[in-house]
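Undergrad: Contents of coords.cif (mmCIF, C-alpha atoms and all ligand atoms):
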```cif
data_run
#
loop_
_atom_site.label_atom_id
_atom_site.label_comp_id
_atom_site.auth_asym_id
_atom_site.auth_seq_id
_atom_site.Cartn_x
_atom_site.Cartn_y
_atom_site.Cartn_z
CA MET A 1 -12.39 -6.96 -25.62
CA ASN A 2 -13.56 -3.72 -27.30
CA TYR A 3 -13.94 -0.47 -25.45
CA ILE A 4 -15.93 2.71 -26.00
CA GLU A 5 -14.22 6.02 -25.33
CA VAL A 6 -16.62 8.72 -24.10
CA LYS A 7 -15.52 12.36 -23.99
CA PHE A 8 -17.57 14.39 -21.52
CA ILE A 9 -17.58 18.15 -21.96
CA CYS A 10 -18.36 19.70 -18.60
CA THR A 11 -19.56 23.23 -17.86
CA PRO A 12 -18.25 24.25 -15.40
CA ASN A 13 -15.15 22.12 -15.87
CA ASP A 14 -14.00 21.99 -12.26
CA GLU A 15 -12.75 19.33 -9.86
CA ILE A 16 -16.08 18.84 -8.08
CA VAL A 17 -18.05 18.28 -11.30
CA ASN A 18 -15.43 15.90 -12.72
CA SER A 19 -15.10 13.84 -9.55
CA VAL A 20 -18.89 13.57 -9.07
CA LEU A 21 -19.17 12.58 -12.74
CA SER A 22 -16.46 9.88 -12.44
CA ALA A 23 -17.94 8.48 -9.24
CA THR A 24 -21.43 8.33 -10.78
CA ILE A 25 -20.49 6.70 -14.07
CA ALA A 26 -18.15 4.25 -12.31
CA GLU A 27 -21.36 2.76 -10.89
CA ILE A 28 -22.50 1.84 -14.42
CA GLY A 29 -19.22 0.29 -15.50
CA PHE A 30 -16.96 3.15 -16.63
CA GLU A 31 -13.25 2.90 -15.78
CA SER A 32 -9.98 4.83 -16.38
CA PHE A 33 -11.01 8.47 -16.02
CA VAL A 34 -8.74 11.14 -17.45
CA GLU A 35 -9.44 14.84 -16.85
CA ASP A 36 -8.55 17.32 -19.57
CA GLU A 37 -9.21 20.92 -20.62
CA LEU A 38 -12.84 20.17 -21.60
CA GLY A 39 -13.90 17.71 -18.90
CA THR A 40 -13.34 13.99 -18.50
CA THR A 41 -12.60 11.16 -20.91
CA ALA A 42 -13.67 7.74 -19.65
CA TYR A 43 -13.68 4.20 -20.99
CA ILE A 44 -16.22 1.41 -20.77
CA GLN A 45 -16.34 -2.11 -22.17
CA SER A 46 -18.57 -2.12 -25.28
CA SER A 47 -20.75 -4.84 -23.80
CA LEU A 48 -21.59 -2.61 -20.79
CA PHE A 49 -22.24 0.60 -22.73
CA ASN A 50 -25.89 1.63 -22.54
CA ILE A 51 -26.82 5.16 -23.64
CA GLU A 52 -30.16 5.24 -21.81
CA GLU A 53 -28.47 4.27 -18.58
CA LEU A 54 -25.76 6.88 -19.14
CA ASP A 55 -28.32 9.63 -19.79
CA LYS A 56 -30.21 8.61 -16.67
CA SER A 57 -27.02 8.85 -14.60
CA LEU A 58 -26.13 12.25 -16.06
CA ASN A 59 -29.64 13.60 -15.38
CA SER A 60 -29.39 12.59 -11.74
CA LEU A 61 -25.96 14.10 -10.99
CA PRO A 62 -26.08 15.86 -7.62
CA VAL A 63 -24.28 18.98 -8.98
CA GLU A 64 -25.31 21.96 -11.11
CA ALA A 65 -23.55 21.35 -14.41
CA GLU A 66 -24.18 20.95 -18.11
CA ILE A 67 -22.57 17.78 -19.44
CA LEU A 68 -22.43 16.93 -23.13
CA TYR A 69 -20.65 13.90 -24.54
CA THR A 70 -19.40 12.23 -27.69
CA TYR A 71 -18.32 8.63 -27.98
CA LYS A 72 -16.49 6.28 -30.29
CA SER A 73 -15.49 2.66 -30.35
CA ILE A 74 -11.77 2.08 -29.99
CA GLU A 75 -9.53 -0.79 -30.93
CA ASP A 76 -7.69 -2.52 -28.08
CA GLN A 77 -4.32 -1.91 -29.67
CA ASN A 78 -4.68 1.87 -30.14
CA TRP A 79 -6.08 2.33 -26.69
CA ASN A 80 -3.15 0.49 -25.14
CA GLU A 81 -0.49 2.48 -26.89
CA GLU A 82 -2.06 5.85 -26.29
CA TRP A 83 -2.86 5.17 -22.68
CA GLU A 84 0.52 3.68 -21.82
CA LYS A 85 2.51 6.46 -23.45
CA ASN A 86 0.43 9.37 -22.21
CA TYR A 87 -0.94 8.45 -18.84
CA PHE A 88 1.12 5.76 -17.15
CA GLN A 89 3.94 7.47 -15.26
CA PRO A 90 6.20 5.76 -12.66
CA LEU A 91 4.65 5.79 -9.20
CA ILE A 92 6.75 5.66 -6.01
CA ILE A 93 5.00 4.82 -2.75
CA ASP A 94 6.65 5.83 0.54
CA ASP A 95 10.13 5.52 -0.99
CA LYS A 96 9.68 1.75 -0.61
CA CYS A 97 7.93 0.61 -3.74
CA ILE A 98 8.03 1.73 -7.36
CA ILE A 99 5.61 0.74 -10.09
CA GLN A 100 6.82 1.51 -13.57
CA SER A 101 6.60 0.13 -17.06
CA THR A 102 9.46 -1.39 -19.03
CA PHE A 103 9.75 1.79 -21.13
CA HIS A 104 10.32 4.09 -18.12
CA ASN A 105 13.82 2.99 -17.08
CA VAL A 106 13.84 4.43 -13.54
CA PRO A 107 16.71 2.72 -11.61
CA ALA A 108 15.42 -0.20 -9.53
CA ILE A 109 16.73 1.05 -6.17
CA TYR A 110 13.60 0.53 -4.03
CA ASP A 111 12.74 -2.37 -1.71
CA TYR A 112 10.02 -3.45 -4.16
CA ASN A 113 10.59 -2.75 -7.86
CA ILE A 114 7.49 -3.67 -9.84
CA TYR A 115 7.18 -3.61 -13.62
CA ILE A 116 3.70 -3.46 -15.11
CA ASP A 117 2.84 -3.40 -18.81
CA PRO A 118 -0.84 -2.74 -18.24
CA LYS A 119 -2.44 -3.24 -21.69
CA MET A 120 -6.18 -3.14 -21.03
CA ALA A 121 -6.09 -4.50 -17.50
CA PHE A 122 -6.77 -2.24 -14.52
CA GLY A 123 -4.00 -1.80 -11.95
CA THR A 124 -0.99 0.42 -12.40
CA GLY A 125 -1.08 1.76 -8.87
CA HIS A 126 -2.47 5.04 -10.18
CA HIS A 127 -6.02 4.35 -9.19
CA GLN A 128 -6.70 5.37 -5.60
CA THR A 129 -8.00 1.91 -4.70
CA THR A 130 -4.88 0.14 -6.00
CA GLU A 131 -2.69 2.55 -4.04
CA LEU A 132 -4.73 2.01 -0.85
CA MET A 133 -4.36 -1.78 -1.23
CA ILE A 134 -0.61 -1.46 -1.93
CA ARG A 135 -0.21 0.53 1.30
CA GLU A 136 -1.96 -2.25 3.26
CA ILE A 137 0.29 -4.91 1.69
CA LEU A 138 3.37 -2.86 2.62
CA LYS A 139 2.12 -2.60 6.25
CA ASP A 140 0.98 -6.16 6.96
CA ASP A 141 3.06 -9.32 7.47
CA PHE A 142 2.73 -11.49 4.34
CA ASN A 143 5.67 -13.76 5.03
CA GLY A 144 4.71 -17.41 4.44
CA LYS A 145 1.00 -16.51 4.19
CA SER A 146 -1.28 -18.04 1.57
CA VAL A 147 -3.01 -15.29 -0.44
CA LEU A 148 -5.98 -15.00 -2.76
CA ASP A 149 -6.07 -11.94 -5.04
CA MET A 150 -9.63 -11.63 -6.39
CA GLY A 151 -10.00 -9.30 -9.38
CA THR A 152 -6.27 -9.38 -9.95
CA GLY A 153 -6.25 -7.12 -13.07
CA THR A 154 -2.57 -6.57 -13.93
CA ALA A 155 -1.64 -8.85 -10.96
CA ILE A 156 -0.02 -5.86 -9.28
CA LEU A 157 -1.24 -6.84 -5.79
CA ALA A 158 -0.28 -10.51 -6.24
CA ILE A 159 3.20 -9.45 -7.41
CA LEU A 160 3.74 -7.22 -4.37
CA ALA A 161 2.33 -9.90 -2.03
CA SER A 162 4.82 -12.38 -3.49
CA MET A 163 7.69 -9.90 -3.06
CA ARG A 164 6.57 -9.50 0.59
CA GLY A 165 6.99 -13.24 1.10
CA ALA A 166 3.47 -14.59 0.53
CA ASN A 167 3.26 -18.18 -0.68
CA PRO A 168 1.33 -19.79 -2.31
CA ILE A 169 -0.80 -17.21 -4.15
CA THR A 170 -3.92 -17.62 -6.27
CA ALA A 171 -4.98 -14.75 -8.53
CA ILE A 172 -8.41 -14.73 -10.17
CA ASP A 173 -10.01 -12.39 -12.71
CA ILE A 174 -13.15 -12.67 -14.75
CA ASP A 175 -11.70 -10.88 -17.77
CA GLN A 176 -9.61 -12.57 -20.47
CA TRP A 177 -7.45 -9.48 -20.99
CA ALA A 178 -6.68 -9.29 -17.29
CA TYR A 179 -5.87 -13.00 -17.19
CA ASP A 180 -3.41 -12.69 -20.11
CA ASN A 181 -1.91 -9.49 -18.76
CA ALA A 182 -1.54 -10.93 -15.23
CA ILE A 183 0.51 -13.80 -16.64
CA GLU A 184 2.67 -11.39 -18.67
CA ASN A 185 3.36 -9.18 -15.66
CA LEU A 186 4.13 -12.11 -13.36
CA ASN A 187 6.73 -13.27 -15.90
CA LEU A 188 8.08 -9.74 -16.28
CA ASN A 189 8.70 -9.59 -12.51
CA ASN A 190 10.04 -13.17 -12.27
CA VAL A 191 7.25 -14.05 -9.86
CA ASN A 192 6.54 -17.76 -10.21
CA ASN A 193 4.41 -18.71 -7.21
CA VAL A 194 1.09 -17.30 -8.44
CA ASP A 195 -1.58 -19.57 -9.90
CA VAL A 196 -3.74 -17.41 -12.23
CA LYS A 197 -7.30 -18.47 -13.00
CA ILE A 198 -10.01 -16.97 -15.14
CA GLY A 199 -13.47 -16.67 -13.59
CA GLY A 200 -15.15 -15.40 -10.44
CA ALA A 201 -16.09 -16.58 -6.95
CA GLU A 202 -17.51 -19.83 -8.38
CA LEU A 203 -13.88 -20.99 -8.72
CA LEU A 204 -13.38 -20.93 -4.96
CA GLY A 205 -13.50 -24.42 -3.50
CA SER A 206 -11.86 -26.20 -0.60
CA GLU A 207 -8.52 -24.34 -0.65
CA LYS A 208 -8.24 -21.85 2.24
CA PHE A 209 -6.22 -18.64 2.49
CA ASP A 210 -4.62 -16.58 5.26
CA ILE A 211 -5.13 -13.28 3.44
CA ILE A 212 -7.64 -12.29 0.75
CA LEU A 213 -7.26 -9.15 -1.36
CA ALA A 214 -10.34 -8.05 -3.33
CA ASN A 215 -10.29 -4.71 -5.13
CA ILE A 216 -13.39 -5.00 -7.34
CA ASN A 217 -16.55 -2.94 -6.79
CA ARG A 218 -19.37 -2.52 -4.29
CA ASN A 219 -21.95 -4.79 -5.90
CA ILE A 220 -19.63 -7.67 -6.71
CA LEU A 221 -18.13 -7.54 -3.23
CA LEU A 222 -21.57 -7.52 -1.58
CA ASN A 223 -22.49 -10.53 -3.67
CA ASP A 224 -19.25 -12.45 -3.08
CA ILE A 225 -18.23 -11.64 0.52
CA HIS A 226 -19.82 -14.88 1.74
CA SER A 227 -17.69 -16.88 -0.74
CA TYR A 228 -14.52 -15.05 0.32
CA ALA A 229 -15.36 -15.62 4.00
CA SER A 230 -15.87 -19.33 3.32
CA VAL A 231 -12.29 -19.73 2.05
CA LEU A 232 -10.63 -17.47 4.65
CA ASN A 233 -8.81 -19.25 7.48
CA ASN A 234 -9.96 -18.47 11.01
CA GLY A 235 -7.99 -15.44 12.20
CA GLY A 236 -7.29 -14.55 8.53
CA THR A 237 -7.55 -11.10 6.97
CA LEU A 238 -9.78 -9.80 4.18
CA TYR A 239 -8.85 -6.50 2.53
CA MET A 240 -11.43 -5.02 0.16
CA SER A 241 -11.51 -1.89 -1.98
CA GLY A 242 -13.21 -0.53 -5.08
CA PHE A 243 -15.99 1.46 -3.38
CA TYR A 244 -16.70 4.77 -1.68
CA VAL A 245 -16.89 5.96 1.94
CA GLU A 246 -20.72 5.93 1.75
CA ASP A 247 -20.68 2.21 0.85
CA ILE A 248 -18.88 1.20 4.07
CA PRO A 249 -22.07 0.52 6.10
CA ALA A 250 -23.39 -1.95 3.48
CA ILE A 251 -20.00 -3.70 3.25
CA LYS A 252 -19.79 -3.89 7.06
CA GLU A 253 -23.30 -5.30 7.35
CA GLU A 254 -22.69 -8.07 4.82
CA SER A 255 -19.29 -8.85 6.35
CA SER A 256 -20.66 -9.14 9.87
CA LYS A 257 -23.22 -11.71 8.63
CA ASN A 258 -20.17 -13.79 7.65
CA GLU A 259 -18.30 -13.57 10.97
CA LEU A 260 -15.91 -10.92 9.71
CA ILE A 261 -14.80 -8.29 12.22
CA PHE A 262 -14.22 -4.74 10.96
CA GLU A 263 -10.75 -3.48 11.89
CA TYR A 264 -10.42 -0.12 10.10
CA ASN A 265 -10.62 1.65 6.78
CA THR A 266 -8.31 3.97 4.88
CA GLU A 267 -9.39 6.63 2.38
CA LYS A 268 -8.20 8.56 -0.63
CA ASP A 269 -10.42 10.99 -2.57
CA ASN A 270 -13.52 9.34 -1.11
CA TRP A 271 -12.38 5.85 -2.24
CA VAL A 272 -11.73 3.39 0.60
CA ALA A 273 -9.95 0.18 1.52
CA VAL A 274 -11.28 -1.83 4.47
CA LYS A 275 -9.64 -4.45 6.66
CA PHE A 276 -11.65 -7.29 8.23
CA THR A 277 -10.49 -10.31 10.23
CA LYS A 278 -12.30 -13.62 10.56
CA LEU A 279 -13.12 -14.85 14.06
CA SER A 280 -10.59 -17.45 15.17
C1 LIG B 1 -10.65 -2.44 -9.84
S1 LIG B 1 -9.84 -3.68 -10.77
C2 LIG B 1 -8.54 -4.14 -9.64
C3 LIG B 1 -7.27 -4.62 -10.28
C4 LIG B 1 -6.10 -4.81 -9.33
N1 LIG B 1 -6.36 -5.87 -8.37
C5 LIG B 1 -5.79 -3.54 -8.59
O1 LIG B 1 -5.92 -3.51 -7.36
O2 LIG B 1 -5.38 -2.56 -9.23
C6 LIG B 1 -11.04 -4.96 -10.64
C7 LIG B 1 -10.75 -6.22 -11.42
O3 LIG B 1 -11.75 -7.17 -11.04
C8 LIG B 1 -12.13 -7.91 -12.17
N2 LIG B 1 -13.47 -8.46 -11.89
C9 LIG B 1 -14.68 -7.89 -12.13
N3 LIG B 1 -15.65 -8.69 -11.67
C10 LIG B 1 -15.07 -9.78 -11.10
C11 LIG B 1 -15.54 -10.94 -10.44
N4 LIG B 1 -16.85 -11.15 -10.25
N5 LIG B 1 -14.63 -11.84 -9.99
C12 LIG B 1 -13.33 -11.66 -10.20
N6 LIG B 1 -12.81 -10.57 -10.83
C13 LIG B 1 -13.66 -9.64 -11.26
C14 LIG B 1 -12.05 -6.94 -13.33
O4 LIG B 1 -11.90 -7.61 -14.56
C15 LIG B 1 -10.83 -6.09 -12.93
O5 LIG B 1 -9.65 -6.61 -13.51
#
```
Can you turn what I pasted into structure tokens?
Ligand SMILES: C[S@@+](CC[C@H](N)C(=O)[O-])C[C@H]1O[C@@H](n2cnc3c(N)ncnc32)[C@H](O)[C@@H]1O

TA:
Amino acid sequence: MNYIEVKFICTPNDEIVNSVLSATIAEIGFESFVEDELGTTAYIQSSLFNIEELDKSLNSLPVEAEILYTYKSIEDQNWNEEWEKNYFQPLIIDDKCIIQSTFHNVPAIYDYNIYIDPKMAFGTGHHQTTELMIREILKDDFNGKSVLDMGTGTAILAILASMRGANPITAIDIDQWAYDNAIENLNLNNVNNVDVKIGGAELLGSEKFDIILANINRNILLNDIHSYASVLNNGGTLYMSGFYVEDIPAIKEESSKNELIFEYNTEKDNWVAVKFTKLS
């Protein structure tokens, strides 16, 4: 899959402007935001890149700022190398769990030592939503529970769920890169109880799950919550992330139509993870 790299030059180049910019363009498909001395560099799949839509988003930013941009198409291979070497650093969560790549070589002394070679797939633990989901997996009891990881990306959540005792696990992603990378990372971590599938909610059938993890985005979740609810066991748990604090009411409304009870949400930098349980 080809990506477009867009360099945004922001005046003023401050935290508020960059975070409003990232949040706004995330809505039109941008991912992997990196702040630098001029502004923000962001990436979007070529097939989703639409200049008119981008200009419209920039013109409606709710901050006073001048934002100019340049863009170029990038090859998968170059993007991987540059991103992995420059931006992916080992991440330790609560002294319990480390996520690192094979080239980092931090001693594996934690309860959960996860290796991720991310390639193009999202999910190194460095995005706020991945971290929020990891914290939920570390808190909850996964032992012997069947798990569905929707939008698995690098398979990071499925790998941790397996290390926490979940079995069996199904991991689904719509993207070919994610599918390939999920399989690579599962092998890298010697996790062999995850069935990886390529596609979306249409793949869900009669198999039911005790826990569903879905870190995707607001619109896909709103569209697919009813499918997730239909394959969640009574009394089961649905964790969702990939959206902002202001999206919680819409997510709650759709969930309650599907007999899902809101338990709580957690937050980081305005991103949230929510926990729902299904009526037993
Ligand atoms: C935000 S990433 C999350 C990756 C990983 N689970 C994590 O927590 O870091 C969302 C993933 O969902 C996938 N995705 C997008 N639309 C989807 C859909 N309709 N069904 C399943 N996966 C989807 C994307 O390809 C991407 O890998």

Undergrad: In terms of the shortest atom-to-atom distance over only C-alpha atoms, which of A:Asn113, A:Ile93, A:Thr129, A:Asn265 is closest to Asn190 (chain A)?

TA: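 Among A:Asn113, A:Ile93, A:Thr129, A:Asn265, it is A:Asn113 that comes nearest to Asn190 (chain A).
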
Undergrad: Looking at A:Val272, A:Ile183, A:Ala229, A:Ile174, which one is nearest to Leu203 (chain A), with distances taken over only C-alpha atoms?

TA: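 The closest residue to Leu203 (chain A) is A:Ile174.
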
Undergrad: Report, as AutoDock Vina command-line options, the centre and edge lengths in Å (one decimal) of the axis-aligned box enclosing every listed atom of ligand LIG 1 (chain B), padded by 4 Å on each side.

TA:
```
--center_x -11.1 --center_y -7.1 --center_z -11.0 --size_x 19.5 --size_y 17.4 --size_z 15.2
```

Undergrad: When you count all atoms listed in the file, which of these residues is closest to Glu246 (chain A): A:Asn270, A:Pro107, A:Met163, A:Glu259?

TA: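 Looking only at the distances to Glu246 (chain A), the closest residue turns out to be A:Asn270.
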
Undergrad: Within 10 Å of ligand LIG 1 (chain B), counting only C-alpha atoms and all ligand atoms: which residues, as a VMD selection string?

TA: chain A and resid 29 31 to 32 120 to 134 149 to 158 171 to 179 181 to 182 197 to 203 213 to 217 219 to 221 223 to 224 240 to 243

Undergrad: Given the point (-21.0, -5.6, 7.0) in the file's coordinates, find the residues that have an atom at most 12 Å from it, counting only C-alpha atoms, and give them as an MDAnalysis selection string.

TA: chainID A and resid 218 221:223 225:226 229 240 247:263 274:277

Undergrad: Between CA of Glu64 (chain A) and CA of Val20 (chain A), what is the distance in Å, rounded to a tenth?

TA: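 Separation of CA of Glu64 (chain A) and CA of Val20 (chain A): 10.8 Å.
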
Undergrad: Quick one, how far is CA of Thr40 (chain A) from CA of Phe8 (chain A)?

TA: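 Distance between the two atoms: 5.2 Å.
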
Undergrad: Excluding same-chain residues fewer than 6 positions from Leu160 (chain A), what lies within 9 Å of it counting only C-alpha atoms, as a list of chain:residue names?

TA: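 The residues satisfying every condition are A:Cys97, A:Tyr112, A:Asn113, A:Ile114, A:Ile134, A:Ile137, A:Leu138, A:Ala166.
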
Undergrad: Would you mind telling me which residue in A:Leu68, A:Asp117, A:Asp210, A:Asp269 lies nearest to Glu15 (chain A) when using all atoms listed in the file?

TA: A:Asp269

Undergrad: Taking all atoms listed in the file into account, which of A:Ser60, A:Ser230, A:Ser46, A:Asn185 comes nearest Thr102 (chain A)?

TA: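 For Thr102 (chain A), the nearest of the given residues is A:Asn185.
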
Undergrad: From the list A:Tyr69, A:Thr11, A:Pro118, A:Pro62, which residue is nearest Asp180 (chain A) when using all atoms listed in the file?

TA: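 Closest candidate: A:Pro118.
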
Undergrad: Just to confirm, what's the straight-line distance from CA of Lys268 (chain A) to CA of Ala65 (chain A) in Å (one decimal)?

TA: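 Taking CA of Lys268 (chain A) and CA of Ala65 (chain A), their separation equals 24.3 Å.
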